[in-house]
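Engineer: Sending over my_file.pdb (PDB, C-alpha atoms).
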```pdb
ATOM      1  CA  MET A   1      19.028  98.596  68.123
ATOM      2  CA  ILE A   2      19.951  98.308  64.469
ATOM      3  CA  LYS A   3      23.169  96.429  65.045
ATOM      4  CA  ASN A   4      21.325  93.674  66.924
ATOM      5  CA  SER A   5      18.697  93.205  64.245
ATOM      6  CA  PRO A   6      19.014  89.886  62.376
ATOM      7  CA  LYS A   7      18.431  91.843  59.187
ATOM      8  CA  PHE A   8      21.785  93.568  59.626
ATOM      9  CA  THR A   9      24.286  90.720  59.855
ATOM     10  CA  VAL A  10      27.920  91.378  59.038
ATOM     11  CA  ASP A  11      27.548  89.642  55.674
ATOM     12  CA  ARG A  12      24.540  91.723  54.692
ATOM     13  CA  VAL A  13      26.202  94.935  55.811
ATOM     14  CA  ILE A  14      29.383  94.207  53.856
ATOM     15  CA  TYR A  15      27.234  93.477  50.827
ATOM     16  CA  GLY A  16      25.744  96.950  51.101
ATOM     17  CA  ALA A  17      28.735  98.918  52.338
ATOM     18  CA  ALA A  18      31.951  97.467  50.952
ATOM     19  CA  THR A  19      32.090  99.318  47.648
ATOM     20  CA  GLY A  20      32.770 102.830  46.430
ATOM     21  CA  LYS A  21      32.782 105.806  48.771
ATOM     22  CA  ARG A  22      31.058 103.881  51.543
ATOM     23  CA  ARG A  23      34.015 101.556  51.761
ATOM     24  CA  ASP A  24      36.401 104.533  51.772
ATOM     25  CA  ILE A  25      34.476 106.145  54.631
ATOM     26  CA  ILE A  26      34.494 102.942  56.689
ATOM     27  CA  LEU A  27      38.219 102.323  56.239
ATOM     28  CA  LEU A  28      39.104 105.951  56.958
ATOM     29  CA  LEU A  29      37.127 105.952  60.212
ATOM     30  CA  HIS A  30      38.639 102.584  61.094
ATOM     31  CA  LYS A  31      42.133 103.987  60.614
ATOM     32  CA  GLU A  32      41.741 107.506  62.004
ATOM     33  CA  GLY A  33      38.926 107.135  64.529
ATOM     34  CA  PRO A  34      36.021 109.619  64.845
ATOM     35  CA  LEU A  35      36.275 112.523  62.389
ATOM     36  CA  THR A  36      34.356 115.687  61.668
ATOM     37  CA  LEU A  37      32.270 116.026  58.526
ATOM     38  CA  SER A  38      34.663 118.614  57.138
ATOM     39  CA  LYS A  39      37.677 116.371  57.761
ATOM     40  CA  LEU A  40      35.940 113.425  56.095
ATOM     41  CA  ARG A  41      34.957 115.505  53.087
ATOM     42  CA  ALA A  42      38.427 117.012  52.685
ATOM     43  CA  THR A  43      40.229 113.683  53.026
ATOM     44  CA  LEU A  44      37.951 111.816  50.644
ATOM     45  CA  GLY A  45      37.641 114.693  48.196
ATOM     46  CA  ILE A  46      33.871 114.438  47.782
ATOM     47  CA  SER A  47      31.061 116.961  47.838
ATOM     48  CA  PRO A  48      29.015 117.626  51.000
ATOM     49  CA  SER A  49      25.866 116.212  49.392
ATOM     50  CA  THR A  50      27.622 112.978  48.394
ATOM     51  CA  LEU A  51      29.106 112.577  51.863
ATOM     52  CA  LEU A  52      25.761 113.114  53.586
ATOM     53  CA  PHE A  53      24.051 110.665  51.245
ATOM     54  CA  GLU A  54      26.644 107.940  51.869
ATOM     55  CA  LEU A  55      26.629 108.558  55.628
ATOM     56  CA  SER A  56      22.848 108.311  55.675
ATOM     57  CA  THR A  57      23.048 104.902  53.993
ATOM     58  CA  LEU A  58      25.749 103.721  56.395
ATOM     59  CA  GLU A  59      23.700 104.913  59.367
ATOM     60  CA  LYS A  60      20.726 102.880  58.164
ATOM     61  CA  LEU A  61      23.002  99.847  57.948
ATOM     62  CA  GLY A  62      24.126 100.441  61.521
ATOM     63  CA  VAL A  63      27.749 100.985  60.523
ATOM     64  CA  VAL A  64      28.309 104.610  61.584
ATOM     65  CA  ARG A  65      26.833 107.014  64.089
ATOM     66  CA  ARG A  66      26.904 110.791  64.269
ATOM     67  CA  GLU A  67      27.390 112.536  67.578
ATOM     68  CA  ASP A  68      27.399 116.316  67.455
ATOM     69  CA  SER A  69      29.960 117.166  64.771
ATOM     70  CA  LEU A  70      31.781 113.813  64.831
ATOM     71  CA  VAL A  71      31.246 110.682  62.751
ATOM     72  CA  ALA A  72      32.354 107.349  64.220
ATOM     73  CA  LEU A  73      32.014 103.641  63.541
ATOM     74  CA  THR A  74      29.629 101.565  65.604
ATOM     75  CA  GLU A  75      30.630  98.200  67.044
ATOM     76  CA  LEU A  76      29.209  96.542  63.940
ATOM     77  CA  GLY A  77      31.056  99.084  61.803
ATOM     78  CA  GLU A  78      34.368  98.174  63.422
ATOM     79  CA  ARG A  79      33.769  94.497  62.685
ATOM     80  CA  VAL A  80      32.881  95.262  59.082
ATOM     81  CA  ALA A  81      35.937  97.510  58.700
ATOM     82  CA  SER A  82      38.188  94.814  60.123
ATOM     83  CA  ILE A  83      36.917  92.287  57.586
ATOM     84  CA  ILE A  84      37.147  94.676  54.637
ATOM     85  CA  SER A  85      40.632  95.847  55.566
ATOM     86  CA  THR A  86      41.992  92.283  55.450
ATOM     87  CA  ALA A  87      41.231  92.273  51.732
ATOM     88  CA  ALA A  88      43.092  95.506  51.035
ATOM     89  CA  PRO A  89      45.855  94.676  48.528
ATOM     90  CA  LEU A  90      49.477  95.714  48.736
ATOM     91  CA  LYS A  91      49.999  99.102  47.129
ATOM     92  CA  SER A  92      52.665  97.652  44.861
ATOM     93  CA  LEU A  93      50.318  94.887  43.714
ATOM     94  CA  ASP A  94      47.044  96.773  43.497
ATOM     95  CA  PHE A  95      45.753  94.802  40.489
ATOM     96  CA  ILE A  96      42.246  94.159  41.742
ATOM     97  CA  SER A  97      41.720  97.711  42.946
ATOM     98  CA  VAL A  98      42.885  99.160  39.629
ATOM     99  CA  LEU A  99      40.593  96.902  37.621
ATOM    100  CA  GLY A 100      37.680  97.326  39.983
ATOM    101  CA  LEU A 101      37.541  93.582  40.692
ATOM    102  CA  ARG A 102      37.953  93.582  44.459
ATOM    103  CA  PRO A 103      34.681  95.416  45.160
ATOM    104  CA  LEU A 104      33.010  93.039  42.708
ATOM    105  CA  VAL A 105      34.495  90.011  44.471
ATOM    106  CA  ILE A 106      33.350  91.201  47.904
ATOM    107  CA  TRP A 107      29.933  92.075  46.516
ATOM    108  CA  LEU A 108      29.561  88.601  45.010
ATOM    109  CA  LEU A 109      30.706  86.843  48.184
ATOM    110  CA  MET A 110      28.084  88.648  50.239
ATOM    111  CA  SER A 111      25.390  88.700  47.582
ATOM    112  CA  PRO A 112      22.257  86.550  47.847
ATOM    113  CA  ARG A 113      22.972  85.778  44.182
ATOM    114  CA  LEU A 114      26.259  84.068  45.051
ATOM    115  CA  THR A 115      24.948  80.536  44.544
ATOM    116  CA  ILE A 116      23.358  81.125  41.159
ATOM    117  CA  THR A 117      26.294  83.219  39.904
ATOM    118  CA  ALA A 118      28.836  80.602  40.973
ATOM    119  CA  SER A 119      26.685  77.795  39.549
ATOM    120  CA  ILE A 120      26.575  79.500  36.151
ATOM    121  CA  LEU A 121      30.325  80.063  36.315
ATOM    122  CA  LEU A 122      31.001  76.416  37.179
ATOM    123  CA  ALA A 123      28.654  75.204  34.446
ATOM    124  CA  THR A 124      30.400  77.442  31.906
ATOM    125  CA  TRP A 125      33.759  76.112  33.065
ATOM    126  CA  VAL A 126      32.695  72.469  32.750
ATOM    127  CA  ILE A 127      31.107  72.984  29.321
ATOM    128  CA  ALA A 128      34.216  74.760  28.021
ATOM    129  CA  LEU A 129      36.445  71.968  29.341
ATOM    130  CA  VAL A 130      34.301  69.307  27.666
ATOM    131  CA  ILE A 131      34.228  71.198  24.363
ATOM    132  CA  GLY A 132      37.955  71.837  24.641
ATOM    133  CA  GLY A 133      38.578  68.158  25.257
ATOM    134  CA  LEU A 134      36.912  67.343  21.945
ATOM    135  CA  GLN A 135      39.221  69.621  19.937
ATOM    136  CA  ASN A 136      42.228  68.420  17.981
ATOM    137  CA  PRO A 137      44.535  68.429  19.834
ATOM    138  CA  PRO A 138      42.400  68.409  22.988
ATOM    139  CA  LEU A 139      42.422  71.268  25.476
ATOM    140  CA  SER A 140      42.649  69.967  29.019
ATOM    141  CA  MET A 141      43.370  71.163  32.532
ATOM    142  CA  ILE A 142      45.846  69.526  34.893
ATOM    143  CA  TYR A 143      46.180  71.291  38.252
ATOM    144  CA  VAL A 144      45.597  74.877  37.034
ATOM    145  CA  LEU A 145      47.633  74.283  33.885
ATOM    146  CA  TYR A 146      45.821  74.414  30.563
ATOM    147  CA  ILE A 147      47.546  72.217  27.992
ATOM    148  CA  GLY A 148      47.132  71.431  24.315
ATOM    149  CA  TYR A 149      45.136  73.173  21.577
ATOM    150  CA  TYR A 150      47.608  75.909  20.625
ATOM    151  CA  LEU A 151      49.023  76.310  24.131
ATOM    152  CA  PRO A 152      52.719  76.032  25.116
ATOM    153  CA  LEU A 153      52.211  72.785  27.033
ATOM    154  CA  SER A 154      50.927  69.695  25.234
ATOM    155  CA  LEU A 155      50.912  66.071  26.394
ATOM    156  CA  GLY A 156      49.075  64.498  23.470
ATOM    157  CA  LEU A 157      46.188  63.192  25.577
ATOM    158  CA  SER A 158      43.214  61.513  23.957
ATOM    159  CA  ALA A 159      39.851  63.272  24.072
ATOM    160  CA  PRO A 160      38.309  61.038  26.795
ATOM    161  CA  LEU A 161      41.443  61.228  28.939
ATOM    162  CA  SER A 162      41.648  64.978  28.419
ATOM    163  CA  ILE A 163      38.074  65.533  29.576
ATOM    164  CA  ALA A 164      38.528  63.160  32.514
ATOM    165  CA  SER A 165      41.725  64.885  33.674
ATOM    166  CA  SER A 166      40.082  68.304  33.385
ATOM    167  CA  LEU A 167      37.027  67.379  35.430
ATOM    168  CA  LEU A 168      39.171  65.546  37.980
ATOM    169  CA  SER A 169      41.486  68.550  38.346
ATOM    170  CA  LEU A 170      38.496  70.841  38.804
ATOM    171  CA  THR A 171      37.036  68.572  41.481
ATOM    172  CA  ILE A 172      40.353  68.262  43.309
ATOM    173  CA  LEU A 173      40.927  72.031  43.208
ATOM    174  CA  ILE A 174      37.546  72.868  44.720
ATOM    175  CA  SER A 175      37.746  70.058  47.295
ATOM    176  CA  ALA A 176      41.292  70.983  48.328
ATOM    177  CA  VAL A 177      40.344  74.608  48.958
ATOM    178  CA  TYR A 178      37.283  73.533  50.934
ATOM    179  CA  PHE A 179      39.142  71.178  53.265
ATOM    180  CA  LEU A 180      42.396  73.148  53.569
ATOM    181  CA  SER A 181      40.374  76.213  54.599
ATOM    182  CA  HIS A 182      38.747  74.077  57.313
ATOM    183  CA  ARG A 183      35.470  74.176  55.368
ATOM    184  CA  LYS A 184      35.291  77.962  55.520
ATOM    185  CA  ILE A 185      35.449  78.449  51.743
ATOM    186  CA  SER A 186      32.540  76.741  50.029
ATOM    187  CA  PRO A 187      32.758  75.430  46.440
ATOM    188  CA  PHE A 188      30.674  78.403  45.304
ATOM    189  CA  LYS A 189      33.067  80.895  46.882
ATOM    190  CA  THR A 190      36.032  79.000  45.450
ATOM    191  CA  ALA A 191      34.494  79.407  42.006
ATOM    192  CA  ILE A 192      34.351  83.168  42.553
ATOM    193  CA  GLY A 193      37.938  83.143  43.799
ATOM    194  CA  VAL A 194      39.300  81.447  40.679
ATOM    195  CA  PHE A 195      36.937  82.926  38.113
ATOM    196  CA  PRO A 196      39.722  84.276  35.826
ATOM    197  CA  ILE A 197      41.051  80.779  35.105
ATOM    198  CA  ALA A 198      37.490  79.452  35.062
ATOM    199  CA  LEU A 199      36.605  81.792  32.201
ATOM    200  CA  TYR A 200      39.877  81.325  30.340
ATOM    201  CA  PRO A 201      39.030  78.072  28.451
ATOM    202  CA  ALA A 202      35.926  79.614  26.887
ATOM    203  CA  ALA A 203      37.896  82.739  25.975
ATOM    204  CA  HIS A 204      40.755  80.684  24.513
ATOM    205  CA  LEU A 205      38.460  78.491  22.420
ATOM    206  CA  THR A 206      36.711  81.576  21.075
ATOM    207  CA  ILE A 207      39.957  83.376  20.238
ATOM    208  CA  VAL A 208      41.413  80.337  18.475
ATOM    209  CA  GLN A 209      38.286  79.857  16.382
ATOM    210  CA  ILE A 210      38.319  83.521  15.362
ATOM    211  CA  ALA A 211      42.032  83.348  14.572
ATOM    212  CA  ARG A 212      41.571  80.265  12.397
ATOM    213  CA  SER A 213      38.499  81.536  10.561
ATOM    214  CA  LEU A 214      40.008  84.954   9.832
ATOM    215  CA  GLU A 215      43.550  83.617   9.453
ATOM    216  CA  TYR A 216      44.761  86.036  12.121
ATOM    217  CA  THR A 217      47.244  83.651  13.692
ATOM    218  CA  TYR A 218      48.690  86.339  15.947
ATOM    219  CA  LEU A 219      45.478  86.208  17.986
ATOM    220  CA  ILE A 220      46.568  82.812  19.289
ATOM    221  CA  THR A 221      49.624  84.505  20.786
ATOM    222  CA  VAL A 222      47.292  87.035  22.393
ATOM    223  CA  SER A 223      45.428  84.145  23.996
ATOM    224  CA  GLN A 224      48.674  82.754  25.384
ATOM    225  CA  ILE A 225      49.493  86.130  26.910
ATOM    226  CA  LEU A 226      45.962  86.236  28.284
ATOM    227  CA  LEU A 227      46.682  82.945  30.021
ATOM    228  CA  PHE A 228      49.416  84.537  32.148
ATOM    229  CA  VAL A 229      47.139  87.484  32.922
ATOM    230  CA  ALA A 230      44.381  85.080  33.983
ATOM    231  CA  LEU A 231      46.768  83.250  36.317
ATOM    232  CA  LEU A 232      47.939  86.512  37.870
ATOM    233  CA  LEU A 233      44.400  87.789  38.367
ATOM    234  CA  THR A 234      43.377  84.444  39.836
ATOM    235  CA  ALA A 235      46.107  84.743  42.456
ATOM    236  CA  THR A 236      45.018  88.236  43.482
ATOM    237  CA  VAL A 237      41.291  87.470  43.445
ATOM    238  CA  PHE A 238      41.707  84.207  45.354
ATOM    239  CA  ALA A 239      43.878  85.970  47.945
ATOM    240  CA  SER A 240      41.018  88.389  48.596
ATOM    241  CA  VAL A 241      38.523  85.562  48.981
ATOM    242  CA  TYR A 242      40.834  83.563  51.241
ATOM    243  CA  SER A 243      41.715  86.495  53.493
ATOM    244  CA  LEU A 244      38.074  87.517  53.791
ATOM    245  CA  GLU A 245      36.714  84.046  54.519
ATOM    246  CA  VAL A 246      39.538  82.581  56.613
ATOM    247  CA  GLY A 247      40.522  85.793  58.377
ATOM    248  CA  THR A 248      44.208  86.015  57.461
ATOM    249  CA  THR A 249      45.868  89.179  56.204
ATOM    250  CA  TYR A 250      45.710  89.882  52.501
ATOM    251  CA  GLU A 251      49.502  90.028  52.297
ATOM    252  CA  ALA A 252      49.929  86.507  53.701
ATOM    253  CA  SER A 253      47.186  85.143  51.467
ATOM    254  CA  LEU A 254      48.636  86.867  48.411
ATOM    255  CA  VAL A 255      52.072  85.292  48.841
ATOM    256  CA  ARG A 256      50.579  81.797  48.940
ATOM    257  CA  ALA A 257      48.157  82.474  46.102
ATOM    258  CA  LEU A 258      50.870  83.908  43.844
ATOM    259  CA  LEU A 259      52.999  80.819  44.438
ATOM    260  CA  LEU A 260      50.190  78.350  43.732
ATOM    261  CA  PHE A 261      48.320  80.116  40.952
ATOM    262  CA  PHE A 262      51.021  82.117  39.172
ATOM    263  CA  VAL A 263      54.652  81.275  39.944
ATOM    264  CA  ILE A 264      54.469  77.466  39.713
ATOM    265  CA  PRO A 265      52.213  77.400  36.609
ATOM    266  CA  SER A 266      54.321  80.078  34.901
ATOM    267  CA  LEU A 267      57.469  78.014  35.381
ATOM    268  CA  PHE A 268      55.853  75.097  33.563
ATOM    269  CA  TYR A 269      54.725  77.309  30.693
ATOM    270  CA  LEU A 270      58.053  79.094  30.367
ATOM    271  CA  VAL A 271      60.057  75.882  29.881
ATOM    272  CA  PRO A 272      58.639  75.006  26.432
ATOM    273  CA  LEU A 273      58.620  78.673  25.419
ATOM    274  CA  ARG A 274      62.283  78.985  26.338
ATOM    275  CA  ASN A 275      63.189  75.826  24.420
ATOM    276  CA  ALA A 276      61.406  77.173  21.358
ATOM    277  CA  LEU A 277      63.552  80.322  21.270
TER     278      LEU A 277
END
```
If you convert what's in this file into structure tokens, what do you get?

Structural biologist:
Amino acid sequence: MIKNSPKFTVDRVIYGAATGKRRDIILLLHKEGPLTLSKLRATLGISPSTLLFELSTLEKLGVVRREDSLVALTELGERVASIISTAAPLKSLDFISVLGLRPLVIWLLMSPRLTITASILLATWVIALVIGGLQNPPLSMIYVLYIGYYLPLSLGLSAPLSIASSLLSLTILISAVYFLSHRKISPFKTAIGVFPIALYPAAHLTIVQIARSLEYTYLITVSQILLFVALLLTATVFASVYSLEVGTTYEASLVRALLLFFVIPSLFYLVPLRNAL
């Protein structure tokens, strides 16, 4: 049977079925149980041809089966739905869904291109941290806090110490996630989970250079606002990765991630901003 074929592991199925209308079909069947084609089409608001196309793909993946006029999840489909549903964000904090990041995150986690994508991301992060450490004043990372080089926090570190602290913080962050998750979240998956703050240094350096060359100093303020957005997105993205890999609910993961990646860092940044007012 399809569901017993090694080709159709849960990871591979999620990679092919966890986005777009396919994901909606899986979660609806998981919630409501077997449904008729007309009920599926009416609930999802899609055309008959689109529904049949998506169902055909899901059948090939071994996720759904059709019996007479009913569509139902297979055993493999129920497992896939259970995993996907743990990453469903709170309706009041639906940041990833709105921006289309959650399907991308799940796709990357299950993609055979995960290793190369995460490696490029990590390399970009390291290069940006090294370049940032050579600026005046240096840009460095301590914990998930970016300090110096036109940012609210600044400790006046030297360039070598700045680079060393950045690389050490990066190593500690990835190692801590790996061991605290009982080795369920690999360094590559951690990189995907924190990609907003991983990309921030390169974005900040670029924005500052543009602001200085064009004398648009207000762009530096935009970069500082972007920092808070990056922290918030990191919390929501990491919560999805953690809930998917460790098996906890998204809500529980989100509370922890918001505390570690947004609330605590924001408090540090707000202190100097408040004193400056």

Engineer: Using Å and a single decimal, report how far CA of Leu259 in chain A sits from CA of Val241 in chain A.

Structural biologist: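 These two atoms are separated by 15.9 Å.
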
Engineer: Mind telling me what the PyMOL selection byres ((chain A and resi 72-82) around 6) catches here, as a PyMOL selection string?

Structural biologist: chain A and resi 26-27+34+63-65+71+83-85

Engineer: Considering only C-alpha atoms, tabulate each residue of range 35-127 of chain A that lies at most 12 Å from range 138-151 of chain A along with its nearest interatomic pair and the corresponding distance in Å to one decimal; arrange the rows by chain and ascending residue number and present them as JSON lines.

Structural biologist:
```
{"residue": "A:Trp125", "atom": "CA", "partner": "A:Met141", "partner_atom": "CA", "distance": 10.8}
{"residue": "A:Val126", "atom": "CA", "partner": "A:Met141", "partner_atom": "CA", "distance": 10.8}
{"residue": "A:Ile127", "atom": "CA", "partner": "A:Ser140", "partner_atom": "CA", "distance": 11.9}
```

Engineer: How many Å lie between CA of Gly133 in chain A and CA of Pro160 in chain A, rounded to one decimal?

Structural biologist: 7.3 Å

Engineer: List the residues selected by the PyMOL selection byres ((chain A and resi 114) around 12) in the file shown, writing them as a ChimeraX atom specification.

Structural biologist: /A:15,104-113,115-122,186-193

Engineer: Separation of CA of Leu258 in chain A and CA of Phe238 in chain A, in Å?

Structural biologist: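 Distance between the two atoms: 9.3 Å.
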
Engineer: When the PyMOL selection byres ((chain A and resi 35) around 12) is applied to the file above, which residues end up in the set, as JSON, numbers by chain?

Structural biologist: {"A": [25, 26, 28, 29, 30, 31, 32, 33, 34, 36, 37, 38, 39, 40, 41, 42, 43, 44, 64, 65, 66, 67, 68, 69, 70, 71, 72, 73]}

Engineer: Give me the residues near range 211-221 of chain A as number ranges by chain, where near means some atom within 12 Å (using only C-alpha atoms) and where sequence neighbours in that chain fewer than 6 positions away do not count.

Structural biologist: A: 149-152, 203-205, 227-228, 273

Engineer: Counting all atoms listed in the file, which of A:Glu245, A:Leu170, A:Gln135, A:Val229 gets nearest to His182 in chain A?

Structural biologist: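 Of all the options, A:Glu245 lies closest to His182 in chain A.
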
Engineer: Smallest atom-to-atom distance to Leu244 in chain A: which of A:Ile185, A:Leu270, A:Ala159, A:Ile197, using only C-alpha atoms?

Structural biologist: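 Checking each candidate against Leu244 in chain A, we get A:Ile185 as the closest.
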
Engineer: Hey, which of A:Ile46, A:Ile225, A:Leu254, A:Leu173 ends up closest to Val194 in chain A? Count all atoms listed in the file.

Structural biologist: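 Checking each candidate against Val194 in chain A, we get A:Leu173 as the closest.
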
Engineer: Using only C-alpha atoms, find the one residue out of A:Leu51, A:Val271, A:Leu58, A:Ala230 that sits nearest to Val13 in chain A.

Structural biologist: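 With only C-alpha atoms as the atom set, the closest residue is A:Leu58.
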
Engineer: Here is a test: counting only C-alpha atoms, which residue of A:Phe261, A:Tyr250, A:Phe179, A:Phe53 is nearest to Leu231 in chain A?

Structural biologist: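 Closest residue, counting only C-alpha atoms: A:Phe261.
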